[in-house]
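Okay, run.cif is below, mmCIF, C-alpha atoms:
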```cif
data_run
loop_
_atom_site.group_PDB
_atom_site.id
_atom_site.type_symbol
_atom_site.label_atom_id
_atom_site.label_comp_id
_atom_site.auth_asym_id
_atom_site.auth_seq_id
_atom_site.Cartn_x
_atom_site.Cartn_y
_atom_site.Cartn_z
ATOM 1 C CA MET A 159 69.047 -59.564 -45.840
ATOM 2 C CA CYS A 160 65.809 -58.041 -44.816
ATOM 3 C CA THR A 161 63.638 -57.339 -47.802
ATOM 4 C CA CYS A 162 62.310 -54.151 -46.285
ATOM 5 C CA ILE A 163 65.722 -52.560 -45.609
ATOM 6 C CA ALA A 164 65.345 -50.088 -48.462
ATOM 7 C CA GLU A 165 61.988 -48.936 -47.156
ATOM 8 C CA ILE A 166 63.365 -48.715 -43.584
ATOM 9 C CA LYS A 167 66.353 -46.650 -44.766
ATOM 10 C CA GLU A 168 64.043 -44.352 -46.715
ATOM 11 C CA THR A 169 61.918 -43.850 -43.589
ATOM 12 C CA TYR A 170 65.099 -43.133 -41.575
ATOM 13 C CA THR A 171 66.005 -40.478 -44.105
ATOM 14 C CA GLN A 172 62.549 -38.919 -43.933
ATOM 15 C CA VAL A 173 62.637 -38.803 -40.118
ATOM 16 C CA ARG A 174 66.141 -37.261 -40.191
ATOM 17 C CA LYS A 175 65.061 -34.609 -42.672
ATOM 18 C CA GLN A 176 61.948 -33.852 -40.674
ATOM 19 C CA THR A 177 63.999 -33.592 -37.471
ATOM 20 C CA GLU A 178 66.464 -31.207 -39.134
ATOM 21 C CA HIS A 179 63.557 -29.126 -40.381
ATOM 22 C CA VAL A 180 62.086 -28.931 -36.871
ATOM 23 C CA VAL A 181 65.486 -27.973 -35.459
ATOM 24 C CA GLU A 182 65.664 -25.104 -37.968
ATOM 25 C CA GLN A 183 62.142 -24.052 -37.040
ATOM 26 C CA SER A 184 63.018 -24.165 -33.351
ATOM 27 C CA TYR A 185 65.839 -21.686 -34.064
ATOM 28 C CA ASP A 186 63.193 -19.444 -35.677
ATOM 29 C CA ILE A 187 61.011 -19.875 -32.585
ATOM 30 C CA ASP A 188 63.973 -18.894 -30.390
ATOM 31 C CA ASP A 189 64.462 -15.779 -32.513
ATOM 32 C CA PHE A 190 60.731 -15.018 -32.247
ATOM 33 C CA LEU A 191 60.743 -15.453 -28.460
ATOM 34 C CA ASP A 192 63.898 -13.327 -28.180
ATOM 35 C CA ALA A 193 62.167 -10.612 -30.220
ATOM 36 C CA ILE A 194 59.123 -10.778 -27.916
ATOM 37 C CA ASN A 195 61.351 -10.446 -24.850
ATOM 38 C CA VAL A 196 63.236 -7.463 -26.283
ATOM 39 C CA VAL A 197 60.048 -5.628 -27.315
ATOM 40 C CA LYS A 198 58.288 -6.548 -24.041
ATOM 41 C CA LYS A 199 61.177 -5.224 -21.943
ATOM 42 C CA GLU A 200 61.257 -1.936 -23.825
ATOM 43 C CA LEU A 201 57.461 -1.641 -23.770
ATOM 44 C CA ASP A 202 57.383 -2.190 -19.981
ATOM 45 C CA CYS A 203 60.068 0.485 -19.650
ATOM 46 C CA VAL A 204 57.986 3.003 -21.659
ATOM 47 C CA THR A 205 54.910 2.106 -19.586
ATOM 48 C CA ASP A 206 56.755 2.681 -16.293
ATOM 49 C CA GLU A 207 58.260 5.959 -17.483
ATOM 50 C CA THR A 208 54.886 7.210 -18.764
ATOM 51 C CA ASN A 209 53.178 6.353 -15.457
ATOM 52 C CA ALA A 210 55.960 8.108 -13.538
ATOM 53 C CA LEU A 211 55.622 11.180 -15.776
ATOM 54 C CA VAL A 212 51.824 11.275 -15.249
ATOM 55 C CA GLU A 213 52.205 11.054 -11.456
ATOM 56 C CA LEU A 214 54.924 13.736 -11.449
ATOM 57 C CA VAL A 215 52.714 16.163 -13.372
ATOM 58 C CA ARG A 216 49.674 15.249 -11.199
ATOM 59 C CA ASP A 217 51.725 16.038 -8.063
ATOM 60 C CA HIS A 218 52.236 19.604 -9.288
ATOM 61 C CA PHE A 219 49.109 19.913 -11.422
ATOM 62 C CA THR A 220 47.503 22.918 -9.722
ATOM 63 C CA GLU A 221 50.763 24.898 -9.770
ATOM 64 C CA ILE A 222 51.130 24.777 -13.573
ATOM 65 C CA THR A 223 50.455 28.146 -15.230
ATOM 66 C CA VAL A 224 48.780 28.739 -18.604
ATOM 67 C CA PRO A 225 52.048 29.222 -20.577
ATOM 68 C CA GLU A 226 53.642 26.228 -18.828
ATOM 69 C CA ALA A 227 50.617 24.055 -19.656
ATOM 70 C CA GLU A 228 50.777 25.180 -23.285
ATOM 71 C CA GLU A 229 54.458 24.284 -23.420
ATOM 72 C CA LEU A 230 53.864 20.872 -21.815
ATOM 73 C CA LEU A 231 51.004 20.125 -24.203
ATOM 74 C CA GLU A 232 53.252 20.948 -27.127
ATOM 75 C CA LEU A 233 55.823 18.490 -25.762
ATOM 76 C CA SER A 234 53.082 15.896 -25.188
ATOM 77 C CA GLU A 235 51.678 15.862 -28.704
ATOM 78 C CA PRO A 236 54.500 13.911 -30.410
ATOM 79 C CA ILE A 237 54.595 11.462 -27.480
ATOM 80 C CA GLN A 238 50.848 10.822 -27.797
ATOM 81 C CA LYS A 239 51.175 10.237 -31.538
ATOM 82 C CA LYS A 240 54.103 7.840 -31.125
ATOM 83 C CA MET A 241 52.312 5.923 -28.381
ATOM 84 C CA GLN A 242 49.244 5.487 -30.558
ATOM 85 C CA GLN A 243 51.461 4.317 -33.418
ATOM 86 C CA VAL A 244 53.209 1.777 -31.152
ATOM 87 C CA TYR A 245 49.870 0.512 -29.840
ATOM 88 C CA LEU A 246 48.393 0.081 -33.332
ATOM 89 C CA ASN A 247 51.548 -1.714 -34.498
ATOM 90 C CA LEU A 248 51.367 -4.049 -31.497
ATOM 91 C CA LEU A 249 47.690 -4.826 -32.146
ATOM 92 C CA ARG A 250 48.578 -5.946 -35.673
ATOM 93 C CA SER A 251 51.789 -7.730 -34.726
ATOM 94 C CA PRO A 252 52.082 -11.480 -34.063
ATOM 95 C CA LEU A 253 54.448 -10.519 -31.210
ATOM 96 C CA ARG A 254 51.372 -9.407 -29.254
ATOM 97 C CA VAL A 255 50.416 -12.972 -28.309
ATOM 98 C CA GLY A 256 53.504 -13.318 -26.156
ATOM 99 C CA MET A 257 52.946 -10.124 -24.171
ATOM 100 C CA GLU A 258 49.220 -9.508 -23.759
ATOM 101 C CA GLN A 259 49.620 -8.130 -20.217
ATOM 102 C CA SER A 260 52.388 -5.717 -21.197
ATOM 103 C CA VAL A 261 50.301 -4.442 -24.107
ATOM 104 C CA ASP A 262 47.309 -3.911 -21.802
ATOM 105 C CA LEU A 263 49.435 -2.040 -19.240
ATOM 106 C CA PHE A 264 50.850 0.072 -22.061
ATOM 107 C CA ARG A 265 47.281 0.849 -23.258
ATOM 108 C CA GLN A 266 46.362 1.926 -19.715
ATOM 109 C CA ALA A 267 49.449 4.140 -19.440
ATOM 110 C CA MET A 268 48.638 5.672 -22.824
ATOM 111 C CA GLY A 269 45.057 6.344 -21.632
ATOM 112 C CA GLY A 270 46.404 7.915 -18.428
ATOM 113 C CA PHE A 271 48.710 10.192 -20.411
ATOM 114 C CA ASP A 272 45.902 11.204 -22.813
ATOM 115 C CA GLU A 273 43.662 11.990 -19.827
ATOM 116 C CA LEU A 274 46.410 14.081 -18.228
ATOM 117 C CA CYS A 275 46.769 16.107 -21.442
ATOM 118 C CA HIS A 276 42.996 16.592 -21.627
ATOM 119 C CA ASP A 277 42.912 17.707 -17.978
ATOM 120 C CA MET A 278 45.794 20.109 -18.535
ATOM 121 C CA LYS A 279 43.953 21.735 -21.449
ATOM 122 C CA THR A 280 40.637 21.867 -19.541
ATOM 123 C CA PHE A 281 41.853 23.032 -16.120
ATOM 124 C CA ASN A 282 45.148 24.812 -16.691
ATOM 125 C CA ILE A 283 44.279 26.576 -19.954
ATOM 126 C CA ASP A 284 40.537 26.736 -20.717
ATOM 127 C CA LEU A 285 39.090 27.089 -17.199
ATOM 128 C CA ALA A 286 41.957 29.331 -16.091
ATOM 129 C CA GLN A 287 40.883 31.800 -18.803
ATOM 130 C CA ASP A 288 37.121 31.245 -18.549
ATOM 131 C CA GLU A 289 35.461 34.376 -17.142
ATOM 132 C CA GLU A 290 32.196 32.660 -16.232
ATOM 133 C CA PHE A 291 33.987 29.898 -14.327
ATOM 134 C CA GLY A 292 36.096 32.558 -12.599
ATOM 135 C CA LYS A 293 32.966 34.412 -11.478
ATOM 136 C CA VAL A 294 31.231 31.296 -10.133
ATOM 137 C CA SER A 295 34.412 30.198 -8.354
ATOM 138 C CA GLN A 296 34.738 33.622 -6.742
ATOM 139 C CA MET A 297 31.129 33.384 -5.549
ATOM 140 C CA LEU A 298 31.882 29.997 -3.987
ATOM 141 C CA CYS A 299 34.983 31.417 -2.290
ATOM 142 C CA ASP A 300 32.910 34.354 -0.960
ATOM 143 C CA LEU A 301 30.286 31.960 0.357
ATOM 144 C CA LEU A 302 32.909 30.016 2.282
ATOM 145 C CA LYS A 303 34.655 33.069 3.784
ATOM 146 C CA MET B 168 34.293 15.462 7.221
ATOM 147 C CA ARG B 169 30.641 15.740 6.161
ATOM 148 C CA PHE B 170 29.704 14.477 2.714
ATOM 149 C CA PHE B 171 27.011 15.982 0.494
ATOM 150 C CA THR B 172 25.715 15.384 -3.032
ATOM 151 C CA ILE B 173 24.177 17.580 -5.717
ATOM 152 C CA THR B 174 21.355 16.537 -8.076
ATOM 153 C CA THR B 175 23.696 15.768 -11.009
ATOM 154 C CA PHE B 176 25.690 13.334 -8.899
ATOM 155 C CA ARG B 177 22.558 11.522 -7.731
ATOM 156 C CA ASN B 178 21.148 11.365 -11.274
ATOM 157 C CA THR B 179 24.358 9.980 -12.785
ATOM 158 C CA LEU B 180 24.636 7.450 -9.979
ATOM 159 C CA GLU B 181 21.078 6.297 -10.615
ATOM 160 C CA SER B 182 21.734 5.995 -14.329
ATOM 161 C CA LEU B 183 24.881 3.926 -13.734
ATOM 162 C CA THR B 184 23.135 1.477 -11.416
ATOM 163 C CA GLN B 185 19.955 0.987 -13.445
ATOM 164 C CA LYS B 186 21.202 -1.840 -15.680
ATOM 165 C CA PRO B 187 23.372 -4.504 -13.999
ATOM 166 C CA ARG B 188 24.639 -5.691 -17.392
ATOM 167 C CA ASP B 189 26.346 -2.322 -17.951
ATOM 168 C CA GLY B 190 28.873 -3.379 -15.309
ATOM 169 C CA TYR B 191 28.676 -0.411 -12.943
ATOM 170 C CA MET B 192 26.909 -1.976 -9.968
ATOM 171 C CA SER B 193 30.001 -1.636 -7.745
ATOM 172 C CA VAL B 194 30.147 2.152 -8.159
ATOM 173 C CA VAL B 195 28.668 3.019 -4.723
ATOM 174 C CA ASN B 196 30.986 0.536 -2.990
ATOM 175 C CA ASP B 197 33.996 1.797 -4.923
ATOM 176 C CA ILE B 198 33.219 5.412 -3.998
ATOM 177 C CA CYS B 199 32.586 4.617 -0.319
ATOM 178 C CA ASN B 200 35.688 2.424 -0.028
ATOM 179 C CA ALA B 201 37.920 5.087 -1.543
ATOM 180 C CA LEU B 202 36.522 7.948 0.555
ATOM 181 C CA GLN B 203 36.620 5.964 3.799
ATOM 182 C CA LYS B 204 40.289 5.132 3.228
ATOM 183 C CA MET B 205 41.245 8.784 2.747
ATOM 184 C CA PRO B 206 42.067 10.776 5.876
ATOM 185 C CA ASP B 207 40.894 14.416 5.824
ATOM 186 C CA ASN B 208 44.277 15.796 4.776
ATOM 187 C CA ILE B 209 44.470 13.368 1.844
ATOM 188 C CA LEU B 210 40.904 14.197 0.771
ATOM 189 C CA ARG B 211 42.131 17.773 0.394
ATOM 190 C CA ASP B 212 45.707 17.194 -0.729
ATOM 191 C CA THR B 213 45.356 14.189 -3.044
ATOM 192 C CA ASN B 214 47.443 14.494 -6.185
ATOM 193 C CA ASP B 215 44.164 14.041 -8.091
ATOM 194 C CA ARG B 216 43.236 17.652 -7.309
ATOM 195 C CA VAL B 217 42.720 19.603 -10.507
ATOM 196 C CA LYS B 218 41.617 23.089 -9.475
ATOM 197 C CA GLN B 219 42.654 25.057 -6.462
ATOM 198 C CA PHE B 220 41.277 28.209 -4.854
ATOM 199 C CA PRO B 221 42.047 29.794 -1.477
ATOM 200 C CA GLN B 222 38.819 28.389 0.042
ATOM 201 C CA TYR B 223 38.314 25.111 -1.815
ATOM 202 C CA ARG B 224 39.613 22.558 -4.279
ATOM 203 C CA ILE B 225 38.084 20.507 -7.064
ATOM 204 C CA VAL B 226 39.346 16.920 -7.156
ATOM 205 C CA LYS B 227 39.029 14.378 -9.939
ATOM 206 C CA LEU B 228 39.555 11.088 -8.155
ATOM 207 C CA ARG B 229 40.449 8.002 -10.200
ATOM 208 C CA LEU B 230 38.695 4.921 -8.857
ATOM 209 C CA PRO B 231 38.788 1.248 -9.854
ATOM 210 C CA ASN B 232 35.658 -0.582 -10.987
ATOM 211 C CA SER B 233 35.897 -3.545 -8.627
ATOM 212 C CA GLY B 234 32.807 -5.234 -10.091
ATOM 213 C CA GLN B 235 34.528 -5.494 -13.473
ATOM 214 C CA HIS B 236 38.032 -5.933 -12.012
ATOM 215 C CA LEU B 237 39.153 -2.778 -13.786
ATOM 216 C CA PRO B 238 42.098 -0.796 -12.371
ATOM 217 C CA LYS B 239 41.733 2.888 -11.595
ATOM 218 C CA ASN B 240 42.907 3.906 -15.080
ATOM 219 C CA ASP B 241 39.875 2.155 -16.588
ATOM 220 C CA GLY B 242 37.423 2.539 -13.690
ATOM 221 C CA PHE B 243 35.392 5.544 -12.542
ATOM 222 C CA ARG B 244 36.079 9.256 -12.166
ATOM 223 C CA LEU B 245 34.608 10.992 -9.136
ATOM 224 C CA ILE B 246 34.542 14.788 -9.267
ATOM 225 C CA TYR B 247 34.218 16.334 -5.841
ATOM 226 C CA PHE B 248 34.462 19.705 -4.142
ATOM 227 C CA VAL B 249 36.374 19.928 -0.866
ATOM 228 C CA SER B 250 36.350 22.970 1.356
ATOM 229 C CA LEU B 251 39.652 24.121 2.857
ATOM 230 C CA VAL B 252 37.938 26.213 5.518
ATOM 231 C CA SER B 253 35.152 23.882 6.697
ATOM 232 C CA ASP B 254 34.388 20.154 6.817
ATOM 233 C CA HIS B 255 32.315 20.035 3.613
ATOM 234 C CA VAL B 256 32.947 17.572 0.806
ATOM 235 C CA VAL B 257 30.405 17.682 -2.032
ATOM 236 C CA LEU B 258 30.211 14.882 -4.602
ATOM 237 C CA LEU B 259 29.519 16.571 -7.944
ATOM 238 C CA ARG B 260 29.658 13.925 -10.639
ATOM 239 C CA VAL B 261 30.736 10.344 -11.291
ATOM 240 C CA TYR B 262 31.358 8.737 -14.665
ATOM 241 C CA PRO B 263 32.913 5.539 -16.006
ATOM 242 C CA LYS B 264 35.900 5.356 -18.347
ATOM 243 C CA ARG B 265 34.791 2.082 -19.941
ATOM 244 C CA GLY B 266 31.581 0.353 -21.012
ATOM 245 C CA PRO B 267 28.297 1.502 -22.568
ATOM 246 C CA GLN B 268 28.083 4.735 -20.526
ATOM 247 C CA LYS B 269 31.745 5.644 -20.809
ATOM 248 C CA THR B 270 32.632 9.315 -20.833
ATOM 249 C CA ILE B 271 35.984 10.280 -22.290
ATOM 250 C CA ASP B 272 36.318 13.381 -20.095
ATOM 251 C CA LEU B 273 34.296 16.441 -19.137
ATOM 252 C CA VAL B 274 34.645 19.726 -21.009
ATOM 253 C CA GLU B 275 35.164 23.098 -19.315
ATOM 254 C CA SER B 276 31.499 24.169 -19.581
ATOM 255 C CA GLU B 277 30.456 21.083 -17.597
ATOM 256 C CA TYR B 278 32.667 22.133 -14.659
ATOM 257 C CA THR B 279 31.186 25.630 -14.727
ATOM 258 C CA ARG B 280 27.703 24.084 -14.751
ATOM 259 C CA LEU B 281 28.567 21.808 -11.796
ATOM 260 C CA GLU B 282 29.873 24.741 -9.750
ATOM 261 C CA LYS B 283 26.745 26.774 -10.554
ATOM 262 C CA GLU B 284 24.566 23.870 -9.452
ATOM 263 C CA LEU B 285 26.554 23.536 -6.226
ATOM 264 C CA LEU B 286 26.188 27.250 -5.540
ATOM 265 C CA HIS B 287 22.457 27.200 -6.278
ATOM 266 C CA GLU B 288 21.736 24.096 -4.174
ATOM 267 C CA SER B 289 23.800 25.457 -1.308
ATOM 268 C CA GLU B 290 21.911 28.766 -1.395
ATOM 269 C CA SER B 291 18.556 26.964 -1.550
ATOM 270 C CA LYS B 292 19.738 24.548 1.164
ATOM 271 C CA THR B 293 18.982 21.462 -0.903
ATOM 272 C CA LEU B 294 22.325 19.660 -0.743
ATOM 273 C CA HIS B 295 21.775 16.072 0.409
ATOM 274 C CA GLN B 296 24.033 14.908 3.223
ATOM 275 C CA VAL B 297 25.099 11.263 2.801
ATOM 276 C CA ASP B 298 26.764 8.605 4.904
ATOM 277 C CA ILE B 299 29.872 7.166 3.244
ATOM 278 C CA THR B 300 29.968 4.325 5.767
ATOM 279 C CA ASN B 301 26.464 3.224 4.762
ATOM 280 C CA GLN B 302 26.300 3.043 0.962
ATOM 281 C CA LEU B 303 25.722 6.815 0.600
ATOM 282 C CA ALA B 304 22.451 6.600 2.529
ATOM 283 C CA GLU B 305 20.825 10.025 2.889
ATOM 284 C CA LEU B 306 21.094 11.674 6.292
ATOM 285 C CA SER B 307 19.463 14.991 5.462
ATOM 286 C CA VAL B 308 18.158 16.899 2.419
ATOM 287 C CA GLU B 309 18.637 20.422 3.734
ATOM 288 C CA GLY B 310 22.381 20.872 3.470
ATOM 289 C CA SER B 311 24.326 23.995 2.552
ATOM 290 C CA LEU B 312 27.958 25.099 2.524
ATOM 291 C CA LYS B 313 27.320 27.576 5.327
#
```
Now, as a test, write the supplied structure out as structure tokens.
Amino acid sequence: MCTCIAEIKETYTQVRKQTEHVVEQSYDIDDFLDAINVVKKELDCVTDETNALVELVRDHFTEITVPEAEELLELSEPIQKKMQQVYLNLLRSPLRVGMEQSVDLFRQAMGGFDELCHDMKTFNIDLAQDEEFGKVSQMLCDLLK
Amino acid sequence: MRFFTITTFRNTLESLTQKPRDGYMSVVNDICNALQKMPDNILRDTNDRVKQFPQYRIVKLRLPNSGQHLPKNDGFRLIYFVSLVSDHVVLLRVYPKRGPQKTIDLVESEYTRLEKELLHESESKTLHQVDITNQLAELSVEGSLK
């Protein structure tokens, strides 16, 4: 009988245990990757919907009246807050590594939505009620007549 | 269409292109490329228009920063005036959304100031006519909206 059989068996046991441990970890990795895919899919969906919303509003931007702009800005506020919350959570989350591009596209969509809200306040509310701007604009119109 | 600039536009353009490390050296190319690709009706009817009057529109065009490979969301903003009754397009202001000279967005008083400057420079016939097919090279310095 081989004198080292006990040591060999012990090594077998260690390798088996290590393999089992890795198998368990690989299940965790699968769960982690599944979580990334689920979050990524939903994040991409929010990004697409936000971009579509921005383009829809931009298409009709100059037709929006002061009260309509005020109403839209009121609706926008909770969306902006939630988007910022999602973005901050993603920056801190380990899930971010698996979806850098989606996070960047989401950041861009969030920036586009923030800019739209700023434009709506500036052009559809503030400038629409600004007497000085109204006067200068009228002078420009008169000049072009 | 004939393209003109006001002093503010020329000053901001100069400031953006002074330091190559700021990452704005492609701004002239990006402006020219975008404007050349837009037919007259799109120049007037782009969905980037933000203010509309019977005789003219103000447009806030979103441009990429090709030098930094930034998409239009993160690139430049070009504010221009386009006449609906003549062939005048006046470039009023350009600013970047990213980098050391980034501007979040302009406030209402800035738009009033830009329109006043346009009016004044048109009345004093000091609008500069530029060539968008030749890197905004100046064609004349005696332009007006008339």
Residue IDs satisfying the PyMOL selection byres ((chain A) within 10 of (chain B)), as number ranges by chain: A: 213-221, 263, 265-270, 272-273, 276-286, 288, 290-303
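Distance-wise, atom CA of Gly256 of chain A and atom CA of His179 of chain A end up 23.5 Å apart.
Excluding Thr184 of chain B itself and any same-chain residue fewer than 3 positions from it, the protein and nucleic acid residues within 12 Å of it, counting only C-alpha atoms, are Arg177, Asn178, Thr179, Leu180, Glu181, Pro187, Arg188, Asp189, Gly190, Tyr191, Met192, Ser193, Val194, Val195, Asn196, Gly234, Val261, Tyr262, Pro263 and Gln268 of chain B.
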Six-sided padding of 3 Å per side, axis-aligned box over segment 255-264 of chain B, centre and edges in Å, one decimal, as AutoDock Vina command-line options:
```
--center_x 32.7 --center_y 12.7 --center_z -7.4 --size_x 12.4 --size_y 20.7 --size_z 28.0
```
field: Top pick for closest residue to Glu305 of chain B, considering B:Ser182, B:His236, B:Leu259, B:Arg169 and counting all atoms listed in the file
entry: B:Arg169
message: Evaluated on this file, the PyMOL selection byres ((chain A and resi 236-243) around 9) picks out some residues - which ones are they, written as a ChimeraX atom specification?
response: /A:232-235,244-248,264-265,268,271-272
query: In Å to one decimal, how far is atom CA of Asp254 of chain B from atom CA of Cys199 of chain B?
result: 17.2 Å
